[in-house]
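The structure file query-v6.json is reproduced below (JSON, C-alpha atoms).
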```json
[["chain", "number", "residue", "atom", "x", "y", "z"],
["D", 748, "MET", "CA", -22.39, 21.78, 77.06],
["D", 749, "ILE", "CA", -19.82, 20.46, 74.63],
["D", 750, "ILE", "CA", -21.08, 17.83, 72.30],
["D", 751, "ASN", "CA", -19.07, 14.73, 73.01],
["D", 752, "GLU", "CA", -18.67, 13.34, 69.51],
["D", 753, "SER", "CA", -18.08, 9.76, 70.63],
["D", 754, "GLU", "CA", -21.21, 9.64, 72.79],
["D", 755, "ASN", "CA", -23.29, 12.45, 71.24],
["D", 756, "SER", "CA", -24.02, 13.73, 74.75],
["D", 757, "ILE", "CA", -23.71, 17.14, 76.30],
["D", 758, "ASP", "CA", -21.22, 17.91, 79.04],
["D", 759, "ASN", "CA", -23.03, 20.47, 81.19],
["D", 760, "ASP", "CA", -19.95, 21.46, 83.18],
["D", 761, "SER", "CA", -17.73, 22.39, 80.25],
["D", 762, "TYR", "CA", -18.79, 26.01, 79.81],
["D", 763, "LYS", "CA", -18.71, 27.88, 83.06],
["D", 764, "ASN", "CA", -17.86, 31.55, 82.77],
["D", 765, "VAL", "CA", -17.87, 31.78, 78.99],
["D", 766, "CYS", "CA", -17.69, 35.60, 79.04],
["D", 767, "ASP", "CA", -14.56, 37.63, 79.56],
["D", 768, "PHE", "CA", -15.61, 41.21, 80.23],
["D", 769, "SER", "CA", -12.07, 42.66, 80.10],
["D", 770, "TYR", "CA", -12.44, 43.94, 76.50],
["D", 771, "LEU", "CA", -15.79, 45.54, 77.33],
["D", 772, "MET", "CA", -14.29, 47.18, 80.42],
["D", 773, "ALA", "CA", -11.31, 48.49, 78.46],
["D", 774, "MET", "CA", -13.45, 49.67, 75.55],
["D", 775, "THR", "CA", -15.82, 51.62, 77.82],
["D", 776, "GLY", "CA", -13.27, 52.84, 80.31],
["D", 777, "GLY", "CA", -15.39, 51.16, 82.99],
["D", 778, "LYS", "CA", -18.26, 53.63, 82.49],
["D", 779, "ARG", "CA", -21.20, 51.97, 84.22],
["D", 780, "GLN", "CA", -24.02, 53.41, 82.12],
["D", 781, "LEU", "CA", -22.25, 52.63, 78.87],
["D", 782, "ILE", "CA", -21.57, 49.05, 79.96],
["D", 783, "LYS", "CA", -25.23, 48.62, 80.88],
["D", 784, "GLU", "CA", -26.35, 50.01, 77.50],
["D", 785, "ILE", "CA", -23.95, 47.78, 75.57],
["D", 786, "THR", "CA", -25.00, 44.66, 77.48],
["D", 787, "ASP", "CA", -28.68, 45.49, 76.97],
["D", 788, "VAL", "CA", -28.14, 45.85, 73.22],
["D", 789, "PHE", "CA", -26.07, 42.67, 73.13],
["D", 790, "LEU", "CA", -28.74, 40.61, 74.91],
["D", 791, "LYS", "CA", -31.47, 41.78, 72.54],
["D", 792, "GLN", "CA", -29.41, 41.60, 69.36],
["D", 793, "VAL", "CA", -27.79, 38.22, 69.94],
["D", 794, "ALA", "CA", -31.09, 36.66, 71.03],
["D", 795, "GLU", "CA", -32.59, 37.83, 67.72],
["D", 796, "GLU", "CA", -29.60, 36.61, 65.72],
["D", 797, "LEU", "CA", -29.72, 33.26, 67.48],
["D", 798, "GLN", "CA", -33.41, 32.92, 66.66],
["D", 799, "SER", "CA", -32.69, 33.80, 63.02],
["D", 800, "ILE", "CA", -30.03, 31.08, 62.82],
["D", 801, "ASN", "CA", -32.37, 28.56, 64.46],
["D", 802, "ASP", "CA", -35.11, 29.45, 61.95],
["D", 803, "ALA", "CA", -32.66, 29.26, 59.03],
["D", 804, "ILE", "CA", -31.54, 25.81, 60.12],
["D", 805, "THR", "CA", -35.15, 24.65, 60.28],
["D", 806, "LYS", "CA", -35.60, 25.92, 56.70],
["D", 807, "THR", "CA", -32.15, 24.66, 55.60],
["D", 808, "ASP", "CA", -31.39, 28.22, 54.45],
["D", 809, "TYR", "CA", -27.61, 28.14, 54.09],
["D", 810, "ALA", "CA", -27.25, 31.77, 52.96],
["D", 811, "THR", "CA", -28.97, 33.02, 56.12],
["D", 812, "ILE", "CA", -26.98, 30.65, 58.32],
["D", 813, "LYS", "CA", -23.78, 31.95, 56.74],
["D", 814, "SER", "CA", -24.84, 35.59, 57.13],
["D", 815, "PHE", "CA", -25.92, 35.44, 60.77],
["D", 816, "ALA", "CA", -22.97, 33.26, 61.80],
["D", 817, "HIS", "CA", -20.72, 35.93, 60.33],
["D", 818, "THR", "CA", -22.59, 38.78, 62.04],
["D", 819, "MET", "CA", -22.60, 37.07, 65.43],
["D", 820, "GLN", "CA", -18.81, 36.73, 65.44],
["D", 821, "SER", "CA", -18.31, 40.42, 66.12],
["D", 822, "SER", "CA", -21.19, 40.53, 68.60],
["D", 823, "VAL", "CA", -19.81, 37.74, 70.79],
["D", 824, "SER", "CA", -16.26, 39.08, 70.63],
["D", 825, "VAL", "CA", -17.34, 42.25, 72.47],
["D", 826, "MET", "CA", -18.37, 40.08, 75.43],
["D", 827, "GLY", "CA", -15.22, 37.99, 75.18],
["D", 828, "ILE", "CA", -17.04, 34.76, 74.30],
["D", 829, "THR", "CA", -14.00, 33.33, 72.54],
["D", 830, "VAL", "CA", -15.28, 29.75, 72.74],
["D", 831, "LEU", "CA", -17.83, 30.68, 70.05],
["D", 832, "LYS", "CA", -15.25, 31.98, 67.60],
["D", 833, "SER", "CA", -14.58, 28.61, 65.99],
["D", 834, "VAL", "CA", -18.23, 27.48, 66.24],
["D", 835, "LEU", "CA", -19.49, 30.51, 64.34],
["D", 836, "ARG", "CA", -16.62, 30.44, 61.85],
["D", 837, "ASP", "CA", -17.34, 26.77, 61.09],
["D", 838, "MET", "CA", -21.07, 27.48, 60.70],
["D", 839, "GLU", "CA", -20.29, 30.37, 58.35],
["D", 840, "ASN", "CA", -17.88, 28.24, 56.30],
["D", 841, "LEU", "CA", -20.34, 25.34, 56.06],
["D", 842, "GLY", "CA", -23.10, 27.72, 54.99],
["D", 843, "ALA", "CA", -20.80, 29.23, 52.37],
["D", 844, "ALA", "CA", -19.70, 25.84, 51.07],
["D", 845, "ALA", "CA", -23.31, 24.71, 50.75],
["D", 846, "THR", "CA", -24.40, 27.85, 48.92],
["D", 847, "ASP", "CA", -21.42, 27.43, 46.58],
["D", 848, "GLY", "CA", -22.21, 23.74, 46.05],
["D", 849, "LEU", "CA", -18.80, 22.64, 47.34],
["D", 850, "THR", "CA", -19.90, 19.89, 49.74],
["D", 851, "PRO", "CA", -22.81, 17.46, 50.06],
["D", 852, "LEU", "CA", -25.71, 19.34, 51.64],
["D", 853, "THR", "CA", -26.72, 16.57, 54.05],
["D", 854, "THR", "CA", -23.23, 16.59, 55.54],
["D", 855, "ASN", "CA", -23.36, 20.35, 56.01],
["D", 856, "ILE", "CA", -26.75, 20.58, 57.68],
["D", 857, "GLU", "CA", -25.99, 17.77, 60.13],
["D", 858, "ARG", "CA", -22.72, 19.41, 61.18],
["D", 859, "ILE", "CA", -24.42, 22.81, 61.35],
["D", 860, "LYS", "CA", -27.08, 21.33, 63.64],
["D", 861, "GLU", "CA", -24.37, 19.97, 65.95],
["D", 862, "LEU", "CA", -22.62, 23.33, 66.01],
["D", 863, "ASN", "CA", -25.91, 25.11, 66.54],
["D", 864, "GLN", "CA", -26.67, 23.01, 69.61],
["D", 865, "LYS", "CA", -23.35, 24.13, 71.07],
["D", 866, "LEU", "CA", -24.05, 27.74, 70.00],
["D", 867, "ASN", "CA", -27.41, 27.79, 71.77],
["D", 868, "LEU", "CA", -26.05, 26.27, 74.97],
["D", 869, "ILE", "CA", -23.12, 28.66, 75.17],
["D", 870, "CYS", "CA", -25.27, 31.69, 74.33],
["D", 871, "ASN", "CA", -27.73, 30.76, 77.06],
["D", 872, "GLN", "CA", -24.85, 30.47, 79.53],
["D", 873, "ALA", "CA", -23.51, 33.83, 78.34],
["D", 874, "PHE", "CA", -26.93, 35.46, 78.75],
["D", 875, "LYS", "CA", -26.99, 34.31, 82.38],
["D", 876, "GLU", "CA", -23.48, 35.62, 83.01],
["D", 877, "ILE", "CA", -24.25, 38.97, 81.38],
["D", 878, "GLU", "CA", -27.47, 39.38, 83.36],
["D", 879, "LYS", "CA", -25.50, 38.67, 86.54],
["D", 880, "GLU", "CA", -22.74, 41.09, 85.52],
["D", 881, "LYS", "CA", -25.33, 43.79, 84.75],
["D", 882, "LEU", "CA", -26.38, 43.74, 88.41],
["D", 883, "ASN", "CA", -22.98, 45.29, 89.18],
["D", 884, "TYR", "CA", -23.87, 48.30, 87.03],
["D", 885, "LEU", "CA", -27.39, 49.16, 88.19]]
```
Written as structure tokens, that's how I'd like the structure from this file.
Amino acid sequence: MIINESENSIDNDSYKNVCDFSYLMAMTGGKRQLIKEITDVFLKQVAEELQSINDAITKTDYATIKSFAHTMQSSVSVMGITVLKSVLRDMENLGAAATDGLTPLTTNIERIKELNQKLNLICNQAFKEIEKEKLNYL
């Protein structure tokens, strides 16, 4: 799922087990119902945020890209998806630079699109892992 910059291809084996549930377990004290509620909220919220970023990229709306990339950072940290930390930070910074007029816009949107491809792939993997993990708490 990583974009190989030299070949512009996707390595489908690079992101197995993207979630680390240890923070969630510690934060909730292992309370099954609370874990289920948090994962349910996460799945709904992050899917909506991801859709908002995808829509913003289609519209080349840098302010929205910046805002949702910032918001998603805390959401994904709860599930221990550390691989997205730099992706979202870079998307936020590129969105900020574009809204401030600091870099050429075509450069920003192309890089944001690359990062967004990685974001979508990793989020989809995380959704699968979380759904599987939720089965332990039913």
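For the residues D:Leu797, D:Val825, D:Ala810, D:Ala803, ranking by smallest atom-to-atom distance to D:Tyr770 using only C-alpha atoms places D:Val825 first.
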**OP:** Please identify all polymer residues within 10 Å of D:Asn801, counting only C-alpha atoms, omitting same-chain residues fewer than 6 positions from it, and present them as a ChimeraX atom specification.
**Re:** /D:795,807,812,860,863-864,867
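Across D:Leu831, D:Ile856, D:Ile785, D:Ala843, the tightest approach to D:Lys813 is made by D:Ala843 when counting all atoms listed in the file.
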Original post:
Could you list as a PyMOL selection string every residue that has an atom within 12 Å of (-27.7, 27.2, 55.5), using the file's coordinates and counting all atoms listed in the file?
Top reply: chain D and resi 799-816+837-848+852-860+863
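Restricting the calculation to only C-alpha atoms, the smallest distance between D:Tyr884 and any of D:Ser822, D:Thr829, D:Asn871, D:Thr786 is found for D:Thr786.
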**OP:** Show me as a PyMOL selection string the residues that reach within 9 Å of (-17.3, 39.9, 74.2), counting all atoms listed in the file and using the file's own coordinates.
**Re:** chain D and resi 766-771+821-829
Residue selection dump (C-alpha atoms) as a PDB file, in the coordinates of the input:
```
ATOM      1  CA  CYS D 766     -17.690  35.600  79.040  1.00  0.00           C
ATOM      2  CA  ASP D 767     -14.560  37.630  79.560  1.00  0.00           C
ATOM      3  CA  PHE D 768     -15.610  41.210  80.230  1.00  0.00           C
ATOM      4  CA  SER D 769     -12.070  42.660  80.100  1.00  0.00           C
ATOM      5  CA  TYR D 770     -12.440  43.940  76.500  1.00  0.00           C
ATOM      6  CA  LEU D 771     -15.790  45.540  77.330  1.00  0.00           C
ATOM      7  CA  SER D 821     -18.310  40.420  66.120  1.00  0.00           C
ATOM      8  CA  SER D 822     -21.190  40.530  68.600  1.00  0.00           C
ATOM      9  CA  VAL D 823     -19.810  37.740  70.790  1.00  0.00           C
ATOM     10  CA  SER D 824     -16.260  39.080  70.630  1.00  0.00           C
ATOM     11  CA  VAL D 825     -17.340  42.250  72.470  1.00  0.00           C
ATOM     12  CA  MET D 826     -18.370  40.080  75.430  1.00  0.00           C
ATOM     13  CA  GLY D 827     -15.220  37.990  75.180  1.00  0.00           C
ATOM     14  CA  ILE D 828     -17.040  34.760  74.300  1.00  0.00           C
ATOM     15  CA  THR D 829     -14.000  33.330  72.540  1.00  0.00           C
TER      16      THR D 829
END
```
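For the atom pair formed by atom CA of D:Lys832 and atom CA of D:Gly777, the distance is 24.6 Å, given to one decimal.
With atom CA of D:Met772 on one side and atom CA of D:Lys881 on the other, the separation reads 12.3 Å.
The two atoms in question, atom CA of D:Thr775 and atom CA of D:Ala873, are spaced 19.4 Å apart.
Residues lying within 10 Å of D:Lys783, counting all atoms listed in the file and ignoring same-chain neighbours fewer than 2 positions away, are D:Lys778, D:Arg779, D:Gln780, D:Leu781, D:Ile785, D:Thr786, D:Asp787, D:Val788, D:Phe789, D:Ile877, D:Glu878, D:Glu880, D:Lys881, D:Leu882, D:Asn883, D:Tyr884, D:Leu885.
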Would you save the residues of that selection, restricted to C-alpha atoms, as a short mmCIF file (atom, residue, chain, number, x, y, z; two decimals), in the coordinates of the input?
```cif
data_model
loop_
_atom_site.label_atom_id
_atom_site.label_comp_id
_atom_site.auth_asym_id
_atom_site.auth_seq_id
_atom_site.Cartn_x
_atom_site.Cartn_y
_atom_site.Cartn_z
CA LYS D 778 -18.26 53.63 82.49
CA ARG D 779 -21.20 51.97 84.22
CA GLN D 780 -24.02 53.41 82.12
CA LEU D 781 -22.25 52.63 78.87
CA ILE D 785 -23.95 47.78 75.57
CA THR D 786 -25.00 44.66 77.48
CA ASP D 787 -28.68 45.49 76.97
CA VAL D 788 -28.14 45.85 73.22
CA PHE D 789 -26.07 42.67 73.13
CA ILE D 877 -24.25 38.97 81.38
CA GLU D 878 -27.47 39.38 83.36
CA GLU D 880 -22.74 41.09 85.52
CA LYS D 881 -25.33 43.79 84.75
CA LEU D 882 -26.38 43.74 88.41
CA ASN D 883 -22.98 45.29 89.18
CA TYR D 884 -23.87 48.30 87.03
CA LEU D 885 -27.39 49.16 88.19
#
```
